[in-house]
Each structure stands twice: as structure tokens, then as C-alpha cells.
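A.B. asks: The following file, work.csv, comprises CSV, C-alpha atoms:
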chain,number,residue,atom,x,y,z
A,15,MET,CA,97.9,15.4,132.7
A,16,THR,CA,94.8,17.2,133.9
A,17,THR,CA,92.5,18.8,131.4
A,18,LEU,CA,93.0,22.5,131.4
A,19,ARG,CA,89.6,24.2,131.8
A,20,GLU,CA,90.1,27.9,131.6
A,21,THR,CA,88.0,30.3,133.7
A,22,ALA,CA,86.6,33.4,132.0
A,23,PRO,CA,89.3,36.0,131.3
A,24,TRP,CA,87.4,38.6,133.3
A,25,GLN,CA,86.9,36.4,136.3
A,26,SER,CA,88.6,37.4,139.6
A,27,VAL,CA,90.9,35.0,141.3
A,28,ASP,CA,88.4,35.1,144.3
A,29,THR,CA,85.9,33.2,142.1
A,30,LEU,CA,88.2,30.3,141.3
A,31,PRO,CA,86.8,26.9,142.4
A,32,ARG,CA,86.6,26.2,146.1
A,33,SER,CA,86.7,23.1,148.3
A,34,ASP,CA,84.9,23.2,151.6
A,35,GLY,CA,84.8,26.9,151.3
A,36,ALA,CA,88.5,27.4,150.7
A,37,ARG,CA,90.1,28.4,147.4
A,38,VAL,CA,91.9,25.5,145.9
A,39,ASP,CA,95.1,27.4,145.4
A,40,HIS,CA,95.1,28.2,149.1
A,41,LEU,CA,94.7,24.5,149.8
A,42,ALA,CA,97.9,23.9,147.8
A,43,VAL,CA,99.7,26.3,150.2
A,44,LEU,CA,98.0,24.7,153.2
A,45,GLY,CA,99.5,21.3,152.3
A,46,LEU,CA,103.0,22.7,152.6
A,47,VAL,CA,102.7,24.2,156.1
A,48,PRO,CA,103.2,21.8,159.0
A,49,PRO,CA,100.7,21.8,161.9
A,50,GLY,CA,101.5,24.2,164.8
A,51,ALA,CA,104.1,26.1,162.8
A,52,ARG,CA,105.0,29.8,163.5
A,53,VAL,CA,103.8,31.4,160.3
A,54,LEU,CA,104.2,34.9,158.8
A,55,ASP,CA,101.9,35.6,155.9
A,56,ILE,CA,103.1,38.6,154.0
A,57,GLY,CA,100.6,40.5,151.8
A,58,CYS,CA,97.8,38.5,153.5
A,59,GLY,CA,95.0,40.5,151.9
A,60,ASP,CA,91.7,39.9,153.7
A,61,GLY,CA,93.2,37.1,155.8
A,62,SER,CA,91.5,34.2,154.1
A,63,LEU,CA,94.7,32.1,153.8
A,64,LEU,CA,95.9,33.0,157.2
A,65,ALA,CA,92.6,32.0,158.7
A,66,LEU,CA,92.7,28.7,156.8
A,67,LEU,CA,96.1,28.0,158.2
A,68,ARG,CA,94.9,28.8,161.7
A,69,ASP,CA,91.8,26.8,161.5
A,70,ARG,CA,93.1,23.7,159.8
A,71,ARG,CA,96.8,23.6,160.8
A,72,GLY,CA,96.6,25.3,164.2
A,73,VAL,CA,99.5,27.6,163.3
A,74,ASP,CA,100.7,30.5,165.4
A,75,GLY,CA,100.1,33.0,162.6
A,76,ARG,CA,100.9,36.6,162.0
A,77,GLY,CA,100.2,38.8,159.0
A,78,ILE,CA,101.5,41.9,157.2
A,79,GLU,CA,99.2,43.7,154.8
A,80,LEU,CA,99.7,47.0,153.0
A,81,SER,CA,96.1,48.1,152.5
A,82,ARG,CA,94.0,49.4,155.4
A,83,GLU,CA,91.0,47.6,154.1
A,84,GLY,CA,92.8,44.3,154.2
A,85,VAL,CA,94.1,44.9,157.7
A,86,ASN,CA,90.5,45.7,158.9
A,87,ALA,CA,89.2,42.5,157.2
A,88,CYS,CA,91.9,40.5,159.0
A,89,LEU,CA,91.2,42.0,162.4
A,90,ALA,CA,87.5,41.2,161.9
A,91,ARG,CA,88.5,37.6,161.5
A,92,GLY,CA,90.4,37.8,164.8
A,93,LEU,CA,93.8,37.6,163.1
A,94,PRO,CA,97.0,39.4,164.5
A,95,VAL,CA,97.9,41.5,161.5
A,96,ILE,CA,99.9,44.8,161.1
A,97,GLN,CA,100.0,47.3,158.3
A,98,GLY,CA,103.3,47.0,156.5
A,99,ASP,CA,105.2,47.0,153.2
A,100,ALA,CA,107.1,43.9,152.1
A,101,ASP,CA,109.6,46.2,150.3
A,102,THR,CA,110.6,48.2,153.4
A,103,ASP,CA,109.6,46.4,156.6
A,104,LEU,CA,111.1,42.9,156.3
A,105,GLU,CA,114.5,44.1,157.3
A,106,ASN,CA,113.2,44.7,160.8
A,107,TYR,CA,112.6,41.0,161.4
A,108,PRO,CA,115.4,38.8,162.9
A,109,ASP,CA,116.8,35.7,161.3
A,110,ASP,CA,114.8,32.5,161.8
A,111,ALA,CA,111.9,34.4,163.4
A,112,PHE,CA,109.3,32.0,161.9
A,113,ASP,CA,109.1,28.4,160.9
A,114,VAL,CA,107.4,29.3,157.6
A,115,VAL,CA,107.0,32.6,155.7
A,116,VAL,CA,104.2,32.7,153.1
A,117,LEU,CA,104.1,35.1,150.2
A,118,SER,CA,100.9,34.3,148.2
A,119,GLN,CA,100.3,36.0,144.9
A,120,THR,CA,102.4,39.0,146.0
A,121,ILE,CA,106.0,38.8,144.9
A,122,GLN,CA,105.2,40.2,141.4
A,123,ALA,CA,103.7,43.3,143.1
A,124,THR,CA,106.9,44.1,145.0
A,125,ARG,CA,109.4,46.7,143.8
A,126,ASN,CA,112.5,44.5,144.5
A,127,PRO,CA,111.5,40.8,144.3
A,128,ARG,CA,115.1,39.6,144.7
A,129,ILE,CA,115.6,41.6,147.9
A,130,VAL,CA,112.2,40.5,149.2
A,131,LEU,CA,113.1,36.8,148.5
A,132,GLU,CA,116.4,37.1,150.3
A,133,HIS,CA,114.6,38.5,153.4
A,134,LEU,CA,112.0,35.7,153.3
A,135,LEU,CA,114.8,33.1,153.2
A,136,ARG,CA,116.5,34.8,156.2
A,137,ILE,CA,113.3,35.3,158.3
A,138,GLY,CA,111.8,31.9,157.8
A,139,ARG,CA,113.3,28.4,158.0
A,140,GLN,CA,111.0,27.5,155.1
A,141,VAL,CA,109.3,29.8,152.5
A,142,VAL,CA,106.1,29.2,150.6
A,143,ILE,CA,105.6,31.3,147.5
A,144,SER,CA,102.8,31.3,144.9
A,145,PHE,CA,102.6,33.6,141.9
A,146,PRO,CA,100.8,33.9,138.5
A,147,ASN,CA,102.8,32.5,135.6
A,148,PHE,CA,103.2,35.1,132.9
A,149,GLY,CA,104.5,32.3,130.6
A,150,HIS,CA,101.1,30.5,130.5
A,151,TRP,CA,99.9,29.7,127.0
A,152,ARG,CA,96.9,31.9,127.3
A,153,VAL,CA,99.0,34.9,128.2
A,154,ARG,CA,101.3,34.2,125.2
A,155,ALA,CA,98.4,33.9,122.9
A,156,GLU,CA,96.9,37.2,124.0
A,157,LEU,CA,100.2,38.9,123.3
A,158,ALA,CA,100.9,37.1,120.0
A,159,PHE,CA,97.5,37.3,118.4
A,160,ARG,CA,95.9,40.4,119.9
A,161,GLY,CA,99.0,42.4,120.7
A,162,ARG,CA,97.6,43.4,124.1
A,163,MET,CA,98.6,42.8,127.7
A,164,PRO,CA,96.5,39.9,128.9
A,165,VAL,CA,93.6,40.1,131.4
A,166,THR,CA,93.2,36.7,133.1
A,167,ALA,CA,91.7,35.1,136.2
A,168,LEU,CA,95.0,35.6,138.1
A,169,MET,CA,95.8,39.0,136.6
A,170,PRO,CA,92.3,40.5,136.3
A,171,GLU,CA,93.3,44.2,136.1
A,172,ALA,CA,94.1,46.1,132.9
A,173,TRP,CA,97.7,47.1,132.4
A,174,TYR,CA,97.0,50.7,133.6
A,175,GLU,CA,95.4,49.6,136.9
A,176,THR,CA,97.4,46.5,137.9
A,177,GLN,CA,99.6,46.4,141.0
A,178,ASN,CA,101.7,43.8,139.4
A,179,ILE,CA,105.0,45.5,138.3
A,180,HIS,CA,107.3,42.5,137.9
A,181,HIS,CA,105.6,39.8,135.9
A,182,CYS,CA,107.6,36.6,135.8
A,183,THR,CA,107.3,33.1,134.5
A,184,ILE,CA,107.9,29.8,136.4
A,185,ARG,CA,111.2,29.5,134.6
A,186,ASP,CA,112.1,33.1,135.6
A,187,PHE,CA,111.4,32.3,139.3
A,188,VAL,CA,113.4,29.1,139.2
A,189,GLY,CA,116.3,31.2,137.8
A,190,LEU,CA,115.9,33.7,140.7
A,191,CYS,CA,116.0,30.9,143.2
A,192,ARG,CA,119.3,29.7,141.8
A,193,MET,CA,120.6,33.2,141.8
A,194,VAL,CA,119.9,33.8,145.6
A,195,GLY,CA,121.0,30.2,146.5
A,196,ALA,CA,117.5,29.0,147.5
A,197,GLN,CA,116.9,25.3,147.6
A,198,ILE,CA,113.6,24.2,146.0
A,199,GLU,CA,112.2,21.5,148.3
A,200,THR,CA,109.1,21.0,146.3
A,201,ALA,CA,107.1,22.8,143.6
A,202,SER,CA,104.0,22.4,141.7
A,203,ALA,CA,102.2,24.1,138.8
A,204,LEU,CA,98.5,24.8,139.1
A,205,ASN,CA,96.2,24.8,136.1
A,206,ALA,CA,93.8,27.6,135.3
A,207,SER,CA,91.2,26.1,137.7
A,208,GLY,CA,93.8,26.3,140.5
A,209,ARG,CA,94.3,22.5,140.7
A,210,PRO,CA,97.8,20.9,140.6
A,211,MET,CA,98.9,19.3,137.4
A,212,ARG,CA,99.1,15.7,138.2
A,213,PHE,CA,102.4,14.4,136.8
A,214,ALA,CA,106.0,15.4,137.1
A,215,MET,CA,106.9,17.4,134.0
A,216,PRO,CA,109.9,19.4,132.8
A,217,TRP,CA,110.1,23.0,133.7
A,218,TRP,CA,109.2,24.1,130.1
A,219,VAL,CA,105.9,22.2,130.3
A,220,TRP,CA,105.0,23.9,133.6
A,221,ASN,CA,106.1,27.2,132.1
A,222,LEU,CA,103.7,26.7,129.2
A,223,MET,CA,100.7,25.0,130.8
A,224,GLY,CA,100.8,26.2,134.4
A,225,ALA,CA,98.6,29.2,135.3
A,226,GLN,CA,100.5,29.7,138.6
A,227,GLY,CA,103.4,28.2,140.5
A,228,VAL,CA,103.6,27.2,144.1
A,229,PHE,CA,107.1,26.6,145.6
A,230,LEU,CA,108.4,25.5,149.0
A,231,LEU,CA,111.9,26.9,149.5
A,232,ARG,CA,114.7,26.7,152.0
A,233,ARG,CA,117.8,28.8,152.1
A,234,GLY,CA,121.0,27.2,151.0
A,235,GLU,CA,123.9,26.4,153.3
A,236,ARG,CA,125.6,29.5,154.5
A,237,SER,CA,129.3,29.7,153.8
Let me see the structure of the file written as C-alpha cells.
C.D. replies:
Amino acid sequence: MTTLRETAPWQSVDTLPRSDGARVDHLAVLGLVPPGARVLDIGCGDGSLLALLRDRRGVDGRGIELSREGVNACLARGLPVIQGDADTDLENYPDDAFDVVVLSQTIQATRNPRIVLEHLLRIGRQVVISFPNFGHWRVRAELAFRGRMPVTALMPEAWYETQNIHHCTIRDFVGLCRMVGAQIETASALNASGRPMRFAMPWWVWNLMGAQGVFLLRRGERS
């Protein structure tokens, strides 16, 4: 197992280690998207992941971003992005509109994660989701020994400022996948430096040691 080297608790996720200029957690998502795929990146932020997919996978990419600042940053990169809300706008997309739908570090900020996930599975033939793991040992220690909501690299805002309204653990997310009938094609847990944990482990180990989860999903067979 890789050695867990924690980043400073006040460090933003944007300062996590990079490889060739790309965030290493973005590289984990990159490895799950096939070349030339039609991709919808929901909650695409400043477009850094979508640009990476365009430049290294040659995808036909589209983005949805809630903030005007994020939309402007994407447009400055030459990315086709619209301003929209994952909680209200996904119902307008037809079934199988994209080969891959990506939701990176966003599902915990939606009002209705289950409904959002169901739309993702309907819109995309495959779904890539990453999210911070609220079951990580450092988060548990902060609650247990300091009695305070944690501030970490992946969750850098204080409780009264955060946009994250549905914190979940890796185990919680696996349960949600089962509830909506999503098939987990592959999954990995990333350590606090954003690098994959090297060996296959039980869910409870990922739930304790993984700082974030990255999942590739496909919807189950329709009845």
C-alpha cells in the first residue's frame, strides 16, 4: 500500500501534486475516458479537466458550470460550456446523449444526489464520478478528537462557507450505486496526495484510508 502523505489541512485541492501540469486526480479520471468519446463534464469549474480530456484524449467535450466565473474561464480556454445547474437542467438531456458523463468533485454539492446520479446514468453510456471521502481517517480524527467539522485539502472551506451539503463516504456511495441499479465497472481510492492506492482492498479499507473515490459506472439492464 502506498504511504499516505497528507497535504496541509488548509491546502486547496488546486495545490495537490501535478504531473505534466495536470492534477493527479484529474489524470485518474483521464484514464477512464476512451479517446474520441463524446463527453459531458458537469460542474466543470474552470475547465481544467475538460481541457485535459480534449488535449490528451481528443474528446468531443461539452461542459455545464453553475458559476459565471467558471463559465468565463472555460470560454477563455476555447471550451464549449453553458451555464447550468445539475439539480435542475439534466432532465433536458435525452437518453444516451453522450458516451461518457463526468461529475468530478461535485455530487456532494448537489441538492438531490440520487436524482442527479439517475440522470447521469440515463444521459451517458458510462459515468465517471469522483468525490471527497468523508470517511477518511483524518476526517474521523478531526471529529473524534477536536469535535469540529474538518477542513482538509479536498474540503477546504469552513462548515459555514462550504458548498458541500451532502458529505458521503466511499461506502455510502457504493450503497447509492446499488440503490439506483448502477453497475460499478471499476473504482479506485486516491490517497491524500491524489494518487491511487496500489492494491485491491476491501471497501472498508478504502473507506478509512482513501481521501477520495473515483468510480466508472454503467447503468444496469433495464427491465
A.B. asks: Just the number, please: distance in Å from atom CA of Arg192 of chain A to atom CA of Gln177 of chain A, one decimal.
C.D. replies: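 Distance between the two atoms: 25.8 Å.
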A.B. asks: What gap, in Å, lies between atom CA of Leu80 of chain A and atom CA of Val228 of chain A?
C.D. replies: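 Taking atom CA of Leu80 of chain A and atom CA of Val228 of chain A, their separation equals 22.1 Å.
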A.B. asks: Which one of A:Asp101, A:Asp74, A:Glu132, A:Asp186 sits closest to Arg52 of chain A if you count all atoms listed in the file?
C.D. replies: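 Of all the options, A:Asp74 lies closest to Arg52 of chain A.
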A.B. asks: Under the rule that all atoms listed in the file are counted, which of A:Ser202, A:Asn147, A:Gln122, A:Gln197 is the nearest residue to Ala225 of chain A?
C.D. replies: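 For Ala225 of chain A, the nearest of the given residues is A:Asn147.
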A.B. asks: Could you work out how far atom CA of Ala51 of chain A lies from atom CA of Arg125 of chain A, giving the answer in Å with one decimal?
C.D. replies: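 For atom CA of Arg125 of chain A relative to atom CA of Ala51 of chain A, the distance reads 28.5 Å.
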A.B. asks: If you count all atoms listed in the file, which residues fall within 12 Å of Asp113 of chain A, apart from same-chain ones fewer than 5 positions away, as a list in words?
C.D. replies: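 The contact residues come out as Leu46, Val47, Pro48, Pro49, Gly50, Ala51, Arg52, Val53, Leu54, Asp55, Val73, Asp74, Gly75, Arg76, Leu134, Leu135, Arg136, Ile137, Gly138, Arg139, Gln140, Val141, Val142, Leu231 and Arg232 of chain A.
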A.B. asks: For His133 of chain A, list every protein, DNA or RNA residue within 9 Å, evaluated using all atoms listed in the file, and leave out those in the same chain fewer than 3 positions away; present the list as a list in words.
C.D. replies: Leu104, Glu105, Tyr107, Asp109, Arg128, Ile129, Val130, Arg136, Ile137 and Gly138 of chain A
A.B. asks: Using all atoms listed in the file, which residue out of A:Leu230, A:Ala123, A:Ala111, A:Ile179 lies closest to Thr200 of chain A?
C.D. replies: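 Among the listed residues, the smallest separation from Thr200 of chain A belongs to A:Leu230.
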A.B. asks: Which of these, A:Phe159, A:Trp218, A:Tyr174, A:Phe229, has the shortest distance to Ile143 of chain A once you count only C-alpha atoms?
C.D. replies: A:Phe229
A.B. asks: Which residue gives the smallest distance to Gly72 of chain A among A:Leu44, A:Ile121, A:Met163, A:Leu157, with only C-alpha atoms counted?
C.D. replies: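 Looking only at the distances to Gly72 of chain A, the closest residue turns out to be A:Leu44.
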